[in-house]
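One structure is given below, encoded as structure tokens.
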Amino acid sequence: MAGKPKLYYFNGRGRMETTRWLLAAAGVEFEEQFIESKGCLEKLRQDGYLLFQQVPMVEIDGMKIVQTRAILNYIAAKYNLYGKDLKERAFIDMYCEGAMDLNEMIMMLPFKPADTKEKEHATIFERATTRYFPVFEKVLKDHGQGFLVGNKLSRADVQLLETILMAEELKADIISKFPLLKSFKEKISNIPTIKKFLQPGSPRKPPMDEKACEKAMKIFH
Ligand code: P9H
């Protein structure tokens, strides 16, 4: 039996949180080594752990995988969250990239200068409610299966739920005009592995506040 996957990143969401979500959704336990200082990062680099000298890095199946998307692709494929054929995969990729574009905008918000934050916030709200959420609402309506692709859970569902919850942290009623997204959120949140991840004490990380951003900047810049 191979050991548990081991995640190397700082103790915050950043670019590792979606990997935590996918592993949790797949019901896979994992270990985490938190990078707490520049020294920790330097040590990993010197020991040849980081192909491009960057994290996230995940040790899994005898590999040290870097690059967020490479990590997510491997986990999604390994744990059957990546569709049944190439065509399903193409749709899953489109939906995931859309969700990740919105996710990234929200993730970067606390890194923005204080005097631009209000404007950034408004832009994200506008993009979420006029570009991304209407698309997912329509996909759910047209596809009519309760999942975004096929008739079973895929990474697209997991990544959309992650992004919806992040958007709700910005504005609690942000999906109020999207009834199918609301029922999608309920349904996917209640899948046992995901339900567990959403409960306190799970490896899910809290939203990054300014302090967490400052700490990350100190380590990585
Ligand atoms: N393409 C943290 C929070 C939000 C967004 C980014 C960074 C990029 C991938 C050291 N890694 C910022 O303070 C930290 C990447 C990976 C790659 C890193 C260096 C970053 C962050 C840490 N920086 O998708 O995996 O940018 O290792 O030398 O580049 S994460």
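Here's how to read the names in the structure tokens: chain A, B, ... by the order shown, residue numbers from 1 in each chain, ligand numbers from 1 in the order shown.
Residues in contact range of segment 179-182 of chain A, defined as at most 10 Å between only C-alpha atoms, with sequence neighbours fewer than 6 positions away removed, read Phe133, Pro134, Phe136, Glu137, Lys138, Val139, Leu140, Lys141, Gly144, Gly146, Leu160, Leu161 and Ile164 of chain A.
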Taking only C-alpha atoms and all ligand atoms into account, which residues have an atom no farther than 6 Å from ligand 1? I'd like them as a PyMOL selection string.
chain A and resi 14-15+53-56+66-68+107-108+216-217+220
Counting only C-alpha atoms, give me one row per residue of segment 122-211 of chain A with an atom at most 8 Å from an atom of segment 75-92 of chain A, showing the shortest contact pair and its distance in Å to one decimal, sorted by chain then residue number, as a tab-separated table.
```
residue	atom	partner	partner_atom	distance
A:Leu148	CA	A:Ile92	CA	7.9
A:Val149	CA	A:Glu88	CA	6.6
A:Gly150	CA	A:Gly83	CA	7.1
A:Leu153	CA	A:Leu81	CA	6.6
A:Ser154	CA	A:Leu81	CA	4.1
A:Arg155	CA	A:Leu81	CA	5.1
A:Ala156	CA	A:Ile92	CA	5.4
```
Spatial neighbours of Asn11 of chain A, max dist 8 Å, only C-alpha atoms, sep filter under 4 positions, as number ranges by chain:
A: 34-36, 205
Within 10 Å of Gln33 of chain A, counting only C-alpha atoms, which residues show up once you throw out same-chain ones fewer than 2 positions away? Write them as a list of chain:residue names, please.
A:Lys6, A:Leu7, A:Tyr8, A:Tyr9, A:Phe10, A:Asn11, A:Glu31, A:Ile35, A:Glu36, A:Cys40, A:Val58
Please write the residues from the selection above to a file, keeping N, CA and C atoms, as a PDB file, in the first residue's frame.
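Once everything was written out, this is out_38.pdb:
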```
ATOM      1  N   LYS A   6       1.294  13.531   0.284  1.00  0.00           N
ATOM      2  CA  LYS A   6       1.786  14.566   1.192  1.00  0.00           C
ATOM      3  C   LYS A   6       1.840  15.904   0.473  1.00  0.00           C
ATOM      4  N   LEU A   7       1.190  16.898   1.047  1.00  0.00           N
ATOM      5  CA  LEU A   7       1.059  18.214   0.422  1.00  0.00           C
ATOM      6  C   LEU A   7       2.069  19.182   1.047  1.00  0.00           C
ATOM      7  N   TYR A   8       2.785  19.886   0.205  1.00  0.00           N
ATOM      8  CA  TYR A   8       3.759  20.882   0.668  1.00  0.00           C
ATOM      9  C   TYR A   8       3.290  22.261   0.249  1.00  0.00           C
ATOM     10  N   TYR A   9       2.948  23.073   1.231  1.00  0.00           N
ATOM     11  CA  TYR A   9       2.460  24.429   0.950  1.00  0.00           C
ATOM     12  C   TYR A   9       2.420  25.186   2.258  1.00  0.00           C
ATOM     13  N   PHE A  10       2.094  26.465   2.227  1.00  0.00           N
ATOM     14  CA  PHE A  10       1.907  27.160   3.501  1.00  0.00           C
ATOM     15  C   PHE A  10       0.525  26.819   4.067  1.00  0.00           C
ATOM     16  N   ASN A  11       0.347  27.158   5.332  1.00  0.00           N
ATOM     17  CA  ASN A  11      -0.881  26.781   6.021  1.00  0.00           C
ATOM     18  C   ASN A  11      -2.002  27.773   5.680  1.00  0.00           C
ATOM     19  N   GLU A  31      -1.477  13.970   4.129  1.00  0.00           N
ATOM     20  CA  GLU A  31      -0.669  14.666   5.135  1.00  0.00           C
ATOM     21  C   GLU A  31      -0.268  16.010   4.569  1.00  0.00           C
ATOM     22  N   ILE A  35       4.841  25.069   5.056  1.00  0.00           N
ATOM     23  CA  ILE A  35       6.046  25.881   4.904  1.00  0.00           C
ATOM     24  C   ILE A  35       5.837  27.145   5.724  1.00  0.00           C
ATOM     25  N   GLU A  36       6.604  27.249   6.792  1.00  0.00           N
ATOM     26  CA  GLU A  36       6.365  28.330   7.758  1.00  0.00           C
ATOM     27  C   GLU A  36       7.348  29.481   7.588  1.00  0.00           C
ATOM     28  N   CYS A  40      12.333  27.127   5.306  1.00  0.00           N
ATOM     29  CA  CYS A  40      11.686  25.845   4.948  1.00  0.00           C
ATOM     30  C   CYS A  40      11.636  25.694   3.432  1.00  0.00           C
ATOM     31  N   VAL A  58       3.077  18.152  -4.450  1.00  0.00           N
ATOM     32  CA  VAL A  58       2.420  17.002  -3.821  1.00  0.00           C
ATOM     33  C   VAL A  58       3.240  15.755  -4.108  1.00  0.00           C
TER      34      VAL A  58
END
```
Pull the alpha helix (DSSP H) assignments for segment 10-181 of chain A out of DSSP run on the backbone, and list those residues as a VMD selection string.
chain A and resid 17 to 25 38 to 46 68 to 78 86 to 108 117 to 127 133 to 143 155 to 170 179 to 181
Give the strand (DSSP E or B) residues of segment 15-171 of chain A, as DSSP finds them on the backbone, and put them as a PyMOL selection string.
chain A and resi 31-34+57-60+63-66
Save out the residues we just selected, all heavy atoms, as a tab-separated table (two decimals), in the first residue's frame.
```
chain	number	residue	atom	x	y	z
A	31	GLU	N	-1.48	13.97	4.13
A	31	GLU	CA	-0.67	14.67	5.13
A	31	GLU	C	-0.27	16.01	4.57
A	31	GLU	O	-0.20	16.19	3.36
A	31	GLU	CB	0.62	13.88	5.42
A	31	GLU	CG	0.38	12.60	6.17
A	31	GLU	CD	1.64	11.76	6.24
A	31	GLU	OE1	2.75	12.28	5.97
A	31	GLU	OE2	1.49	10.57	6.55
A	32	GLU	N	0.06	16.93	5.46
A	32	GLU	CA	0.51	18.24	4.98
A	32	GLU	C	1.78	18.63	5.70
A	32	GLU	O	1.90	18.47	6.90
A	32	GLU	CB	-0.55	19.31	5.26
A	32	GLU	CG	-1.86	19.06	4.56
A	32	GLU	CD	-2.64	20.34	4.31
A	32	GLU	OE1	-2.15	21.18	3.55
A	32	GLU	OE2	-3.72	20.48	4.90
A	33	GLN	N	2.74	19.13	4.92
A	33	GLN	CA	3.89	19.79	5.54
A	33	GLN	C	3.78	21.28	5.25
A	33	GLN	O	3.84	21.71	4.09
A	33	GLN	CB	5.21	19.23	5.00
A	33	GLN	CG	6.39	19.96	5.64
A	33	GLN	CD	7.70	19.22	5.47
A	33	GLN	OE1	7.77	17.99	5.58
A	33	GLN	NE2	8.75	19.97	5.17
A	34	PHE	N	3.58	22.05	6.30
A	34	PHE	CA	3.39	23.48	6.11
A	34	PHE	C	4.72	24.20	6.04
A	34	PHE	O	5.60	23.97	6.86
A	34	PHE	CB	2.54	24.06	7.24
A	34	PHE	CG	1.14	23.51	7.28
A	34	PHE	CD1	0.63	22.94	8.43
A	34	PHE	CD2	0.35	23.55	6.13
A	34	PHE	CE1	-0.66	22.42	8.44
A	34	PHE	CE2	-0.95	23.03	6.14
A	34	PHE	CZ	-1.45	22.46	7.30
A	57	MET	N	3.48	21.61	-4.07
A	57	MET	CA	4.07	20.35	-4.50
A	57	MET	C	3.33	19.24	-3.74
A	57	MET	O	3.03	19.40	-2.56
A	57	MET	CB	5.56	20.32	-4.19
A	57	MET	CG	6.29	19.11	-4.78
A	57	MET	SD	6.27	17.67	-3.74
A	57	MET	CE	7.65	18.00	-2.67
A	58	VAL	N	3.08	18.15	-4.45
A	58	VAL	CA	2.42	17.00	-3.82
A	58	VAL	C	3.24	15.75	-4.11
A	58	VAL	O	3.55	15.47	-5.27
A	58	VAL	CB	0.96	16.83	-4.33
A	58	VAL	CG1	0.35	15.55	-3.78
A	58	VAL	CG2	0.11	18.02	-3.95
A	59	GLU	N	3.58	15.06	-3.04
A	59	GLU	CA	4.24	13.76	-3.17
A	59	GLU	C	3.16	12.71	-3.22
A	59	GLU	O	2.38	12.57	-2.27
A	59	GLU	CB	5.11	13.51	-1.94
A	59	GLU	CG	6.56	13.79	-2.16
A	59	GLU	CD	7.40	13.42	-0.94
A	59	GLU	OE1	7.04	13.82	0.18
A	59	GLU	OE2	8.42	12.76	-1.12
A	60	ILE	N	3.12	11.98	-4.32
A	60	ILE	CA	2.08	10.97	-4.50
A	60	ILE	C	2.59	9.90	-5.46
A	60	ILE	O	3.23	10.24	-6.47
A	60	ILE	CB	0.75	11.64	-5.00
A	60	ILE	CG1	-0.37	10.62	-5.14
A	60	ILE	CG2	0.94	12.40	-6.30
A	60	ILE	CD1	-1.77	11.26	-5.35
A	63	MET	N	6.01	10.16	-6.89
A	63	MET	CA	6.38	11.36	-7.67
A	63	MET	C	6.31	12.60	-6.77
A	63	MET	O	5.62	12.61	-5.77
A	63	MET	CB	5.38	11.59	-8.82
A	63	MET	CG	5.35	10.50	-9.84
A	63	MET	SD	4.10	10.85	-11.10
A	63	MET	CE	2.59	10.54	-10.21
A	64	LYS	N	7.03	13.61	-7.20
A	64	LYS	CA	6.90	14.93	-6.57
A	64	LYS	C	6.30	15.84	-7.63
A	64	LYS	O	7.02	16.34	-8.49
A	64	LYS	CB	8.27	15.44	-6.12
A	64	LYS	CG	8.86	14.63	-4.97
A	64	LYS	CD	10.23	15.15	-4.59
A	64	LYS	CE	10.78	14.44	-3.37
A	64	LYS	NZ	10.84	12.96	-3.50
A	65	ILE	N	4.99	16.00	-7.59
A	65	ILE	CA	4.33	16.78	-8.65
A	65	ILE	C	4.22	18.24	-8.24
A	65	ILE	O	3.75	18.55	-7.15
A	65	ILE	CB	2.91	16.24	-8.97
A	65	ILE	CG1	2.92	14.72	-9.16
A	65	ILE	CG2	2.36	16.91	-10.22
A	65	ILE	CD1	1.57	14.14	-9.59
A	66	VAL	N	4.65	19.12	-9.13
A	66	VAL	CA	4.44	20.56	-8.96
A	66	VAL	C	3.53	21.05	-10.08
A	66	VAL	O	3.19	20.28	-10.98
A	66	VAL	CB	5.76	21.37	-8.97
A	66	VAL	CG1	6.63	21.02	-7.78
A	66	VAL	CG2	6.51	21.19	-10.28
```
Across A:Gly62, A:Thr163, A:Arg69, A:Pro113, the smallest distance to Asp101 of chain A, with only C-alpha atoms counted, is shown by A:Thr163
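Straight-line separation from atom CA of Ser183 of chain A to atom CA of Phe147 of chain A: 10.7 Å.
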I want to know what sits within 10 Å of Met105 of chain A, based on only C-alpha atoms, with residues of the same chain fewer than 2 positions away left out; could you give that as a VMD selection string?
chain A and resid 100 to 103 107 to 110 120 to 121 123 to 124 127 to 128 167
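For the pair atom CA of Lys195 of chain A and atom CA of Glu169 of chain A, the separation is 17.8 Å.
Nearest residue to Phe30 of chain A among A:Met208, A:Ala2, A:Ala114, A:Ile174 is A:Ala2, counting only C-alpha atoms.
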To one decimal in Å, tell me the separation between atom CA of Glu42 of chain A and atom CA of His221 of chain A.
12.0 Å
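Comparing the minimum interatomic distances between Ala26 of chain A and each of A:Ile191, A:Met94, A:Ala99, A:Leu44, counting only C-alpha atoms, we find that A:Ile191 sits nearest.
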Using only C-alpha atoms, the residue out of A:Lys171, A:Lys211, A:Lys185, A:Lys43 with shortest distance to Glu126 of chain A is A:Lys171
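Nearest-residue note for Leu198 of chain A: choosing from A:Leu41, A:Ile219, A:Val28, A:Leu165, the minimum distance belongs to A:Leu165, counting only C-alpha atoms.
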